[in-house]
Amino acid sequence: MRFASFTPHRALRLIAALALALILALTASNAFAITIRDAAGRDVTVNDTSRMVSVGGAVTEILYALGLADRIVAIDTTSLYPARALKEKPNVGYMRALSAEGVLGLNPSLVLAIEGAGPKETVAVLEQASVPLVRVPDHYTAEGIVEKVRLIADVAGAHEGGECLAAQVKADLGALEMLRAKITQPKKVLFVLSFLNGKPMVAGRNTAADGIIKLAGGVNAMDAYEGYKQISDEAVIAAGPDTVLSMQRPQDNLDATTVFSNAAFSTTPAAAAKSFVAMDGLYLLGFGPRTAAAARDLASSLYPTLGHDALPSERKTPDCH
């Protein structure tokens, strides 16, 4: 039996080839670089997505939907879906009360944070750090959801999966648009965040609540100003909502009895019809992949005759991994 000669030169070439193959195998999932303009108007270059910190419920939900959960090293307290996220990932705290040390101490390769995350001082420190920080746009429209999905997917190096998920979201939103077309008499909806000293904090324009009311085919009863604002009894009476909308939460839940026992609310058409709707906060206001379903559910509550038809994503299990 004859054996091929094995010279030192050939051995070195073989070792180099094996080392290169190992490096390529270890970095294949992150062998890309992208420069993207984020919600703050900054051009951010990302070339490593192996250790991501996800801040914002919709951000985390999208990353999980893209099959990228194994790259997430930490999330924030608003990342309530899927339910296993908070159980299996470290937590950096509330999205508006982040600590730069808490985030950077996890040795992330990328921080993905929803627009509005803070405080400003923490964001400023993170922007100056060597770790890329991408602030994700949070627009409360159908187009804004698709934009959010595509940006997160592209930053994470999952363009094909992002296009798949964006197509599913667009299909759901298309079905929702057809449902809205059946509404002939839009109802006025007042979103109540909380009560403080008997006065309600309600949602005006350019809020997630305003956006979901419109997607559900309703009219925001309090659209004379932007953001959230505490209003007077006279303003509640003048708004004359047909329905009061709120969100479910672990503590300080608002219910129909609490709201309609308030003197101002007791005189509204909503009180007369006992029309009160409360939904899970992230589902209702997150503006992520499930938002079309949340708007459909809200529309079904506002207009019972519309029915509750399944959306395209509910008829076929989405898989954009």
# chains A, B, ... in the order shown; residues from 1 in each chain; ligands from 1

$ select_by_dssp --residues "region 153-289 of chain A" --states "strand (DSSP E)" --output "count of residues only"
30

$ closest_atom_pairs --of "region 67-102 of chain A" --to "region 124-141 of chain A" --cutoff "10 Å" --atoms "only C-alpha atoms" --output "CSV"
residue,atom,partner,partner_atom,distance
A:Ser99,CA,A:Leu126,CA,9.5
A:Ala100,CA,A:Leu126,CA,6.3
A:Glu101,CA,A:Leu126,CA,9.3

$ residues_around --residues "His159 (chain A)" --least-positions-apart "3" --cutoff "12 Å" --atoms "only C-alpha atoms" --output "ChimeraX atom specification"
/A:32,34,66,149-156,162-166,320-321

$ residues_around --residues "Asp70 (chain A)" --least-positions-apart "5" --cutoff "9 Å" --atoms "only C-alpha atoms" --output "PyMOL selection string"
chain A and resi 50-51+64

$ closest_residue --among "A:Leu254, A:Ala203, A:Leu63, A:Ala74" --to "Gly161 (chain A)" --atoms "only C-alpha atoms"
A:Leu63

$ closest_residue --among "A:Val259, A:Ala33, A:Leu176, A:Ile237" --to "Ala278 (chain A)" --atoms "only C-alpha atoms"
A:Val259

$ select_by_dssp --residues "region 44-161 of chain A" --states "alpha helix (DSSP H)" --output "PyMOL selection string"
chain A and resi 57-65+84-88+100-104+120-128+142-155+159-161

$ closest_residue --among "A:Gln251, A:Ser54, A:Thr77, A:Ser246" --to "Leu110 (chain A)" --atoms "only C-alpha atoms"
A:Ser54

$ residues_around --residues "region 307-317 of chain A" --least-positions-apart "4" --cutoff "12 Å" --atoms "only C-alpha atoms" --output "JSON, numbers by chain"
{"A": [65, 164, 165, 166, 167, 168, 169, 170, 171, 172, 173, 174, 175, 176, 177, 178, 179, 180, 182, 183, 289, 290, 291, 292, 293, 294, 295, 296, 297, 298, 299, 300, 301, 302, 303]}

$ write_last_selection --atoms "C-alpha atoms" --output "JSON list (two decimals), in the first residue's frame"
[["chain", "number", "residue", "atom", "x", "y", "z"],
["A", 65, "ALA", "CA", -41.27, 35.93, 14.86],
["A", 164, "CYS", "CA", -41.93, 37.12, 4.54],
["A", 165, "LEU", "CA", -43.23, 38.61, 7.80],
["A", 166, "ALA", "CA", -43.97, 41.96, 6.14],
["A", 167, "ALA", "CA", -46.04, 40.18, 3.48],
["A", 168, "GLN", "CA", -48.05, 38.40, 6.18],
["A", 169, "VAL", "CA", -48.63, 41.65, 8.06],
["A", 170, "LYS", "CA", -49.71, 43.40, 4.84],
["A", 171, "ALA", "CA", -52.14, 40.56, 4.06],
["A", 172, "ASP", "CA", -53.70, 40.89, 7.53],
["A", 173, "LEU", "CA", -53.94, 44.66, 7.18],
["A", 174, "GLY", "CA", -55.55, 44.24, 3.76],
["A", 175, "ALA", "CA", -58.21, 41.99, 5.25],
["A", 176, "LEU", "CA", -58.73, 44.53, 8.03],
["A", 177, "GLU", "CA", -59.19, 47.31, 5.46],
["A", 178, "MET", "CA", -61.94, 45.28, 3.77],
["A", 179, "LEU", "CA", -63.60, 44.87, 7.16],
["A", 180, "ARG", "CA", -63.48, 48.62, 7.82],
["A", 182, "LYS", "CA", -68.32, 47.71, 5.84],
["A", 183, "ILE", "CA", -68.61, 50.33, 8.61],
["A", 289, "PRO", "CA", -47.21, 41.72, 13.89],
["A", 290, "ARG", "CA", -50.46, 41.12, 15.85],
["A", 291, "THR", "CA", -51.86, 44.64, 15.52],
["A", 292, "ALA", "CA", -54.22, 43.81, 12.65],
["A", 293, "ALA", "CA", -55.74, 41.09, 14.84],
["A", 294, "ALA", "CA", -56.06, 43.51, 17.76],
["A", 295, "ALA", "CA", -57.80, 46.08, 15.52],
["A", 296, "ARG", "CA", -60.10, 43.35, 14.21],
["A", 297, "ASP", "CA", -60.99, 42.36, 17.78],
["A", 298, "LEU", "CA", -61.65, 45.98, 18.71],
["A", 299, "ALA", "CA", -63.77, 46.50, 15.58],
["A", 300, "SER", "CA", -65.80, 43.41, 16.45],
["A", 301, "SER", "CA", -66.49, 44.88, 19.89],
["A", 302, "LEU", "CA", -67.44, 48.28, 18.47],
["A", 303, "TYR", "CA", -69.55, 46.84, 15.64]]

$ residues_around --residues "Thr243 (chain A)" --least-positions-apart "2" --cutoff "7 Å" --atoms "only C-alpha atoms" --output "PyMOL selection string"
chain A and resi 188-190+241+245+270+275-276

$ residues_around --residues "Leu282 (chain A)" --least-positions-apart "6" --cutoff "8 Å" --atoms "only C-alpha atoms" --output "ChimeraX atom specification"
/A:57-58,78,80-81

$ write_last_selection --atoms "C-alpha atoms" --output "PDB file, in the first residue's frame"
ATOM      1  CA  GLY A  57     -42.411  44.885  23.178  1.00  0.00           C
ATOM      2  CA  ALA A  58     -42.877  45.073  19.402  1.00  0.00           C
ATOM      3  CA  THR A  78     -42.562  45.660  28.027  1.00  0.00           C
ATOM      4  CA  LEU A  80     -44.507  40.498  27.241  1.00  0.00           C
ATOM      5  CA  TYR A  81     -44.991  38.475  24.047  1.00  0.00           C
TER       6      TYR A  81
END

$ atom_distance --atom1 "CA of Val236 (chain A)" --atom2 "CA of Arg249 (chain A)"
23.3 Å

$ decode --residues "region 182-193 of chain A" --atoms "all heavy atoms" --output "mmCIF file, in the first residue's frame"
data_model
loop_
_atom_site.group_PDB
_atom_site.id
_atom_site.type_symbol
_atom_site.label_atom_id
_atom_site.label_comp_id
_atom_site.auth_asym_id
_atom_site.auth_seq_id
_atom_site.Cartn_x
_atom_site.Cartn_y
_atom_site.Cartn_z
ATOM 1 N N LYS A 182 -66.922 48.066 5.561
ATOM 2 C CA LYS A 182 -68.318 47.715 5.841
ATOM 3 C C LYS A 182 -68.942 48.637 6.895
ATOM 4 O O LYS A 182 -70.148 48.587 7.121
ATOM 5 C CB LYS A 182 -68.408 46.262 6.333
ATOM 6 C CG LYS A 182 -67.895 45.226 5.334
ATOM 7 C CD LYS A 182 -67.955 43.833 5.939
ATOM 8 C CE LYS A 182 -67.382 42.778 4.998
ATOM 9 N NZ LYS A 182 -67.411 41.416 5.625
ATOM 10 N N ILE A 183 -68.113 49.459 7.540
ATOM 11 C CA ILE A 183 -68.606 50.331 8.607
ATOM 12 C C ILE A 183 -69.241 51.575 8.001
ATOM 13 O O ILE A 183 -68.600 52.303 7.246
ATOM 14 C CB ILE A 183 -67.450 50.728 9.552
ATOM 15 C CG1 ILE A 183 -66.856 49.481 10.209
ATOM 16 C CG2 ILE A 183 -67.947 51.701 10.627
ATOM 17 C CD1 ILE A 183 -65.565 49.735 10.952
ATOM 18 N N THR A 184 -70.478 51.820 8.324
ATOM 19 C CA THR A 184 -71.197 52.973 7.751
ATOM 20 C C THR A 184 -71.338 54.126 8.732
ATOM 21 O O THR A 184 -71.439 55.282 8.321
ATOM 22 C CB THR A 184 -72.600 52.544 7.280
ATOM 23 O OG1 THR A 184 -73.305 51.953 8.388
ATOM 24 C CG2 THR A 184 -72.501 51.522 6.147
ATOM 25 N N GLN A 185 -71.324 53.831 10.023
ATOM 26 C CA GLN A 185 -71.454 54.873 11.042
ATOM 27 C C GLN A 185 -70.353 54.690 12.087
ATOM 28 O O GLN A 185 -70.549 54.004 13.096
ATOM 29 C CB GLN A 185 -72.830 54.820 11.710
ATOM 30 C CG GLN A 185 -73.976 55.179 10.766
ATOM 31 C CD GLN A 185 -75.318 55.192 11.483
ATOM 32 O OE1 GLN A 185 -75.582 54.397 12.382
ATOM 33 N NE2 GLN A 185 -76.175 56.133 11.090
ATOM 34 N N PRO A 186 -69.190 55.309 11.848
ATOM 35 C CA PRO A 186 -68.071 55.172 12.793
ATOM 36 C C PRO A 186 -68.436 55.669 14.189
ATOM 37 O O PRO A 186 -69.107 56.685 14.339
ATOM 38 C CB PRO A 186 -66.975 56.046 12.171
ATOM 39 C CG PRO A 186 -67.337 56.132 10.727
ATOM 40 C CD PRO A 186 -68.832 56.134 10.682
ATOM 41 N N LYS A 187 -67.983 54.947 15.192
ATOM 42 C CA LYS A 187 -68.260 55.324 16.580
ATOM 43 C C LYS A 187 -67.121 56.148 17.165
ATOM 44 O O LYS A 187 -65.951 55.965 16.824
ATOM 45 C CB LYS A 187 -68.482 54.064 17.428
ATOM 46 C CG LYS A 187 -69.761 53.328 17.073
ATOM 47 C CD LYS A 187 -70.038 52.205 18.056
ATOM 48 C CE LYS A 187 -71.371 51.531 17.756
ATOM 49 N NZ LYS A 187 -71.684 50.451 18.722
ATOM 50 N N LYS A 188 -67.500 57.062 18.044
ATOM 51 C CA LYS A 188 -66.505 57.868 18.751
ATOM 52 C C LYS A 188 -66.000 57.072 19.960
ATOM 53 O O LYS A 188 -66.793 56.625 20.793
ATOM 54 C CB LYS A 188 -67.116 59.194 19.204
ATOM 55 C CG LYS A 188 -67.426 60.144 18.062
ATOM 56 C CD LYS A 188 -67.634 61.569 18.551
ATOM 57 C CE LYS A 188 -68.872 61.691 19.410
ATOM 58 N NZ LYS A 188 -69.087 63.109 19.836
ATOM 59 N N VAL A 189 -64.682 56.926 20.015
ATOM 60 C CA VAL A 189 -64.060 56.120 21.066
ATOM 61 C C VAL A 189 -63.117 57.000 21.877
ATOM 62 O O VAL A 189 -62.312 57.747 21.314
ATOM 63 C CB VAL A 189 -63.267 54.940 20.461
ATOM 64 C CG1 VAL A 189 -62.664 54.086 21.572
ATOM 65 C CG2 VAL A 189 -64.168 54.101 19.557
ATOM 66 N N LEU A 190 -63.220 56.903 23.195
ATOM 67 C CA LEU A 190 -62.335 57.659 24.081
ATOM 68 C C LEU A 190 -61.453 56.666 24.829
ATOM 69 O O LEU A 190 -61.941 55.816 25.565
ATOM 70 C CB LEU A 190 -63.139 58.489 25.081
ATOM 71 C CG LEU A 190 -62.334 59.374 26.041
ATOM 72 C CD1 LEU A 190 -61.490 60.380 25.272
ATOM 73 C CD2 LEU A 190 -63.257 60.087 27.016
ATOM 74 N N PHE A 191 -60.135 56.776 24.622
ATOM 75 C CA PHE A 191 -59.202 55.906 25.333
ATOM 76 C C PHE A 191 -58.818 56.555 26.655
ATOM 77 O O PHE A 191 -58.305 57.671 26.685
ATOM 78 C CB PHE A 191 -57.943 55.656 24.505
ATOM 79 C CG PHE A 191 -56.935 54.787 25.220
ATOM 80 C CD1 PHE A 191 -57.032 53.403 25.172
ATOM 81 C CD2 PHE A 191 -55.902 55.361 25.963
ATOM 82 C CE1 PHE A 191 -56.121 52.603 25.837
ATOM 83 C CE2 PHE A 191 -54.985 54.570 26.636
ATOM 84 C CZ PHE A 191 -55.086 53.187 26.569
ATOM 85 N N VAL A 192 -59.049 55.841 27.738
ATOM 86 C CA VAL A 192 -58.713 56.326 29.082
ATOM 87 C C VAL A 192 -57.533 55.515 29.611
ATOM 88 O O VAL A 192 -57.619 54.298 29.774
ATOM 89 C CB VAL A 192 -59.920 56.201 30.034
ATOM 90 C CG1 VAL A 192 -59.538 56.701 31.423
ATOM 91 C CG2 VAL A 192 -61.115 56.975 29.498
ATOM 92 N N LEU A 193 -56.444 56.218 29.864
ATOM 93 C CA LEU A 193 -55.247 55.555 30.385
ATOM 94 C C LEU A 193 -55.354 55.323 31.881
ATOM 95 O O LEU A 193 -55.015 54.246 32.390
ATOM 96 C CB LEU A 193 -54.017 56.408 30.067
ATOM 97 C CG LEU A 193 -52.672 55.869 30.549
ATOM 98 C CD1 LEU A 193 -52.335 54.572 29.823
ATOM 99 C CD2 LEU A 193 -51.572 56.906 30.331
#
